[in-house]
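**Student:** I am attaching a structure below and will ask some questions about it afterwards.
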Amino acid sequence: MIKQEKDASDYFFKTFIQQDMNIEKAKQEGKNIFQISMGSRAAEGYKNLVKEIKAKIKKYES
């Protein structure tokens with residue numbers, strides 16, 4: 001395995017999860033945001049966060 005140098009951006013995520021009333025609704029109903037509103041701002045934010053995490057993992061696997 002080759003050790004790659006990391007910069008500060010490797011330790012932080014760029015994705016921002018926006019506040020959304022659907023998050024509170026999901027919490028109250030014991031569900032996740034995708035079960036309540038897949039198209040909400042918060043759901044899109046979580047989808048983007050997963051994509052960002054996958055990209056970071058892929059970067060260090062290659």
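Residue numbering restarts at 1 in every chain; chains get A, B, ... in the order shown in the structure tokens, and ligands count up from 1 in that same order.
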Name all residues at most 12 Å from A:Lys56 (count only C-alpha atoms; drop same-chain ones fewer than 2 positions away) and give them as a list in words.
**Tutor:**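 Counting only C-alpha atoms, the residues come to Lys6, Ser9, Asp10, Tyr11, Phe12, Phe13, Lys14, Leu49, Val50, Lys51, Glu52, Ile53, Lys54, Lys58, Lys59, Tyr60, Glu61 and Ser62 of chain A.
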**Student:** How far is it from atom CA of A:Glu44 to atom CA of A:Gln18, in Å with one decimal?
**Tutor:**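 A separation of 9.1 Å between them.
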**Student:** What does the structure give for the distance between atom CA of A:Ile57 and atom CA of A:Phe34, in Å to one decimal?
**Tutor:** 23.5 Å
**Student:** As an exercise, work out the distance from atom CA of A:Met38 to atom CA of A:Ile17 in Å and give it to one decimal place.
**Tutor:** 13.8 Å
**Student:** What parts of chain A does DSSP call helix (DSSP H, G or I)? I'd like the answer as JSON, numbers by chain.
**Tutor:** {"A": [8, 9, 10, 11, 21, 22, 23, 24, 25, 26, 27, 28, 29, 33, 34, 35, 36, 41, 42, 43, 44, 45, 46, 47, 48, 49, 50, 51, 52, 53, 54, 55, 56, 57, 58, 59, 60, 61]}
